[in-house]
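Here's the structure we're looking at; comments come further down.
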Amino acid sequence: MKMKKLSAILLSGVLTASALVGCGDSAQGGAAATTNDAGSAAGADAAAAAPVETQDVTLKIWVPEEAVDDTDAAVKAFDDLHDEFNITYEIAVVGIDEAPQQLNTDPDTAADIFYTPSGGVADLVNKGLLLPITKDFETIASDLPESALTAVTVDGLTYAAPFSPNTYFMYYNKDLLTADDVKSLETILSKDTGAKYNFSTNITNSWYIESFFLGAGCTLFGPDGKDPSECSWNDATGLAAAEYIVDLVNNPKYLENKDGVGGAEFKEGNLAAITDGAWSAPSFKESLGDKLGAVALPTANIGGKDVQLSNFVDFKTITVKSTTAYPLAAQQLAVYLANPENSLIRFQNQGDVPVLNSLASSDEIANDEVAAALNAQATKATNQPSISKMGDYWTPAQAFGEGVVSGEITKANLQEKLDALVDSITGTLTE
C-alpha cells in the first residue's frame, strides 16, 4: 500500500507543531480461476491500477494571523485531493503588507506562497520575484471580474490569485440620511440632519483624496496606470476637482477624518456619513446597530457635472515566489486557496469579502450590507497603479491634502500647487 504523509508546522506565537499521517488509495488485482463442467481450468488476471507517483513537497506559507487555522485546514484538504504530492508544510504569520517587503529583502528564505496586495504585483514581477500562476488558474479565471484579472496580469501572464477587493466605501446613519440621500454628496451636505457634521473623509490621506480627481476623469500614470511620466491632475479637470476639495474642506458640515476623529463622531451619532472600509464594520455595528447603513461612494458635482467618485481599488491576492522548488504544487495550492469554497470560508471566519462573481451575487454576500457596498464600490473604483513609480505618489499627494486642510493651499494658489504636485509625482517637469 502506498503511504502518504502530511506534516505541518504552524508558526504563530505559541502554536505547536503537528504531524498527520494518512493513507493514499491503492488497488491491486489478483488471479481468479474458474473450472468448466468438463474439468478444464482457465485463469484470468485483473489488471492492477498503476500506483500514483508521489513527489515529496516542502512548502512554506505566509498568511496573516487570522488566516492560520483556515489555511491549515485548506492545505490538509488540498493534500487529500492530490495523491501525487507528499506535503510537508510550514505556516508562519506574516502580514499581507509585510510579505512583499520580506521577499524583496531575502528571497531565498521567503515563503513559497504568500498574500500580496495586487498593487505591488507588477513591481515584484519586474524584479523577477513572482512565478506566473498558470496551472489550474482557469478554474477561477472566468469567475473573476475584469478589474481583478487586470490587476494581476503582466504582459499577458497572471501572477496572483485574487480573493478579495480592497477599497473603501461609505457608511451612513439611517436615522439621519435616507437611501436616496446618500446617492449624492451635494444632497448629503445640504441636509439638515440635526447632527454636528454631515460628511467625513480623509483628504490628508493619499489613499482617499484621489477619489475626487479620478472621479472627475483625471488619470494617474495614464489611462492604464502604466505610464510613469503622466499625471493629469493639474489640467482643467484636475483644477475643478481640487477646487471642489477646497470647498468641501471649508464646508462647516464637513469633518476631516484625521487621527480617527470622524469615526469617533460617527459612532457617537454626531456624523451622518463617513468613508471607510470593511475593517471598521464591527465597531460601527456595535455602536449604531440597526441604524448602520453602507453603500458605494456618492456622486459629486465637479465642474458642473455629476460624477461618480472613483477611489483606488486593489485586491488581496495569493502569490508564488519565482524560486520555489515546487512550482507545480505551489501554483495549484495558491489557486485552491482562492477557490469559491475557501473564499467563502475566509469571508465567514475572517471577514474578507469574496471577489468571485459567483459568491458576490450569492444571497449570503448580497444580503450583507457591508459586503454588498464593498463589491459595489469595487466596480466603480479605479485599479491602483502597480508600477514602481507609484511609490512617488503617496507622500506628495498626502502633503497636498494636508496643505488644503491647513489652509496653506487655497483657490488663489491652487494651480501652482497642482503643478508642483504633478512634478513631484512624475518628476518629468524638471528632468
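Starting from 1 in every chain, residues are counted up; chains themselves are A, B, ... following the order of the C-alpha cells, and ligands are numbered from 1 as listed.
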* DSSP-assigned strand (DSSP E or B) members of range 38-216 of chain A, reported as a PyMOL selection string -> chain A and resi 41-45+55-63+85-93+113-117+130+153-154+157-158+161-166+169-173+184+197-201
For the interface of range 273-349 of chain A with range 202-217 of chain A (cut-off 10 Å, counting only C-alpha atoms), please tabulate each contacting residue of range 273-349 of chain A alongside its nearest pair of atoms and their separation in Å to one decimal, rows sorted by chain and increasing number, as a tab-separated table.
residue	atom	partner	partner_atom	distance
A:Ile274	CA	A:Asn202	CA	9.2
A:Thr275	CA	A:Asn202	CA	7.9
A:Asp276	CA	A:Asn202	CA	9.2
A:Leu297	CA	A:Ser211	CA	9.1
A:Thr299	CA	A:Gly215	CA	8.5
A:Ala300	CA	A:Phe212	CA	8.1
A:Asn301	CA	A:Ala216	CA	8.9
A:Ile302	CA	A:Ala216	CA	6.5
A:Gly303	CA	A:Ala216	CA	8.2
A:Lys305	CA	A:Ala216	CA	8.5
A:Asp306	CA	A:Ala216	CA	8.7
A:Val307	CA	A:Gly215	CA	6.0
A:Gln308	CA	A:Gly215	CA	5.4
A:Leu309	CA	A:Gly215	CA	4.3
A:Ser310	CA	A:Gly215	CA	4.6
A:Asn311	CA	A:Ser211	CA	4.1
A:Phe312	CA	A:Trp207	CA	7.0
A:Val313	CA	A:Trp207	CA	9.6
Practice task
Name all residues at most 12 Å from Ala399 in chain A (count only C-alpha atoms; drop same-chain ones fewer than 5 positions away) and give them as a list of chain:residue names.
Solution key: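 In the requested form, the answer reads A:Ile203, A:Thr204, A:Asn205, A:Ser206, A:Ile209, A:Tyr393, A:Trp394, A:Val404, A:Val405, A:Ser406, A:Glu408, A:Ile409, A:Lys417, A:Leu418, A:Ala420, A:Leu421, A:Ser424, A:Ile425.
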Within 9 Å of range 136-140 of chain A, which residues of range 313-411 of chain A come that close, and what is the closest atom pair and distance in Å for each? Count only C-alpha atoms and give it as a tab-separated table.
residue	atom	partner	partner_atom	distance
A:Gln331	CA	A:Asp136	CA	7.7
A:Gln332	CA	A:Asp136	CA	6.0
A:Val335	CA	A:Phe137	CA	6.1
A:Tyr336	CA	A:Asp136	CA	8.4
A:Ala338	CA	A:Ile140	CA	8.1
A:Asn339	CA	A:Ile140	CA	6.5
A:Pro340	CA	A:Ile140	CA	8.2
A:Leu356	CA	A:Ile140	CA	7.9
Selected residues, N, CA and C atoms, written as a compact mmCIF listing (two decimals), in the first residue's frame, please.
# COMPACT_ATOMS: atom_id res chain seq x y z
N GLN A 331 1.67 26.40 -7.33
CA GLN A 331 0.64 27.05 -8.15
C GLN A 331 -0.73 26.48 -7.86
N GLN A 332 -0.82 25.17 -7.83
CA GLN A 332 -2.12 24.54 -7.61
C GLN A 332 -2.69 24.89 -6.24
N VAL A 335 -4.05 28.56 -6.17
CA VAL A 335 -5.37 28.67 -6.79
C VAL A 335 -6.43 28.02 -5.90
N TYR A 336 -6.09 26.89 -5.29
CA TYR A 336 -7.03 26.21 -4.41
C TYR A 336 -7.42 27.09 -3.22
N ALA A 338 -7.73 30.17 -3.24
CA ALA A 338 -8.57 31.27 -3.71
C ALA A 338 -9.87 30.78 -4.36
N ASN A 339 -10.15 29.48 -4.26
CA ASN A 339 -11.35 28.95 -4.93
C ASN A 339 -12.61 29.33 -4.17
N PRO A 340 -13.80 29.09 -4.73
CA PRO A 340 -15.04 29.52 -4.06
C PRO A 340 -15.21 28.98 -2.65
N LEU A 356 -14.92 36.73 -6.19
CA LEU A 356 -15.50 35.86 -7.21
C LEU A 356 -16.96 36.25 -7.48
Dump as JSON lines the rows for residues of range 68-94 of chain A within 12 Å of range 342-349 of chain A: closest atom pair and distance in Å with one decimal, only C-alpha atoms counted, ordered by chain and rising residue number.
{"residue": "A:Val68", "atom": "CA", "partner": "A:Arg346", "partner_atom": "CA", "distance": 10.7}
{"residue": "A:Asp69", "atom": "CA", "partner": "A:Asn349", "partner_atom": "CA", "distance": 9.8}
{"residue": "A:Asp70", "atom": "CA", "partner": "A:Arg346", "partner_atom": "CA", "distance": 7.2}
{"residue": "A:Thr71", "atom": "CA", "partner": "A:Asn342", "partner_atom": "CA", "distance": 8.7}
{"residue": "A:Asp72", "atom": "CA", "partner": "A:Asn342", "partner_atom": "CA", "distance": 11.5}
{"residue": "A:Ala73", "atom": "CA", "partner": "A:Asn342", "partner_atom": "CA", "distance": 9.7}
{"residue": "A:Ala74", "atom": "CA", "partner": "A:Asn342", "partner_atom": "CA", "distance": 7.2}
{"residue": "A:Val75", "atom": "CA", "partner": "A:Asn342", "partner_atom": "CA", "distance": 10.5}
{"residue": "A:Ala77", "atom": "CA", "partner": "A:Asn342", "partner_atom": "CA", "distance": 10.4}
{"residue": "A:Phe78", "atom": "CA", "partner": "A:Asn342", "partner_atom": "CA", "distance": 10.8}
Checklist line | Of the listed residues A:Asp314, A:Asp227, A:Glu98, A:Asp235, that which approaches Val152 in chain A most closely, counting only C-alpha atoms | finding: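 Once distances to Val152 in chain A are computed over only C-alpha atoms, the minimum belongs to A:Asp314.
Shortest separation to Thr158 in chain A among A:Lys135, A:Lys174, A:Lys60, A:Lys226 occurs at residue A:Lys135, atoms counted being only C-alpha atoms.
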Open item on the list: as a list in words, please: the residues near Lys253 in chain A (cut-off 7 Å, only C-alpha atoms, same-chain neighbours under 6 positions excluded).
Closed with: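 Here the answer would be Leu189, Tyr197, Asn198 and Phe199 of chain A.
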Can I get the selected residues back with C-alpha atoms, as a short mmCIF file (atom, residue, chain, number, x, y, z; two decimals), in the first residue's frame?
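As written to disk, result_0.cif reads:
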data_model
loop_
_atom_site.label_atom_id
_atom_site.label_comp_id
_atom_site.auth_asym_id
_atom_site.auth_seq_id
_atom_site.Cartn_x
_atom_site.Cartn_y
_atom_site.Cartn_z
CA LEU A 189 -24.13 68.16 2.63
CA TYR A 197 -21.46 67.07 10.84
CA ASN A 198 -22.87 65.57 7.65
CA PHE A 199 -19.85 64.06 5.90
#
Discussion item. Taking 4 positions as the minimum chain separation for residues in the same chain, which residues sit within 7 Å of Val320 in chain A when counting only C-alpha atoms? Answer as a ChimeraX atom specification.
Written reply: /A:112-114,130-131,330-331
What lies within 12 Å of Ser362 in chain A using only C-alpha atoms, ignoring chain neighbours under 5 positions off, as a list in words? Pro340, Leu344, Val353, Pro354, Val355, Leu356, Asn357, Asn367, Asp368, Ala371 and Ala372 of chain A
- So, counting only C-alpha atoms, which residue among A:Leu144, A:Val57, A:Leu177, A:Ala122 is closest to Gly156 in chain A?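 Checking each candidate against Gly156 in chain A, we get A:Ala122 as the closest.
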With distances taken over only C-alpha atoms, the candidate from A:Ala160, A:Leu220, A:Val93, A:Met390 nearest Val63 in chain A is A:Val93
Considering only C-alpha atoms, state which residue in the set A:Tyr244, A:Ser287, A:Ile96, A:Gly128 is at the smallest distance from Gly304 in chain A.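 Checking each of A:Tyr244, A:Ser287, A:Ile96, A:Gly128 against Gly304 in chain A, counting only C-alpha atoms, the winner is A:Tyr244.
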Using only C-alpha atoms, the best pick from A:Asn173, A:Ser164, A:Thr54, A:Thr105 as closest to Ala360 in chain A would be A:Ser164
task = Would you mind writing down, as a PyMOL selection string, each residue of range 37-117 of chain A that DSSP on the backbone assigns to alpha helix (DSSP H)?
result = chain A and resi 68-81+98-105
Per-residue nearest contacts of range 309-378 of chain A to range 292-296 of chain A (7 Å; only C-alpha atoms) as a Markdown table:
| residue | atom | partner | partner_atom | distance |
| --- | --- | --- | --- | --- |
| A:Glu369 | CA | A:Ala294 | CA | 5.9 |
| A:Val370 | CA | A:Ala294 | CA | 5.5 |
| A:Ala373 | CA | A:Val295 | CA | 4.5 |
| A:Leu374 | CA | A:Ala296 | CA | 6.9 |
| A:Ala376 | CA | A:Ala296 | CA | 5.8 |
| A:Gln377 | CA | A:Ala296 | CA | 4.7 |
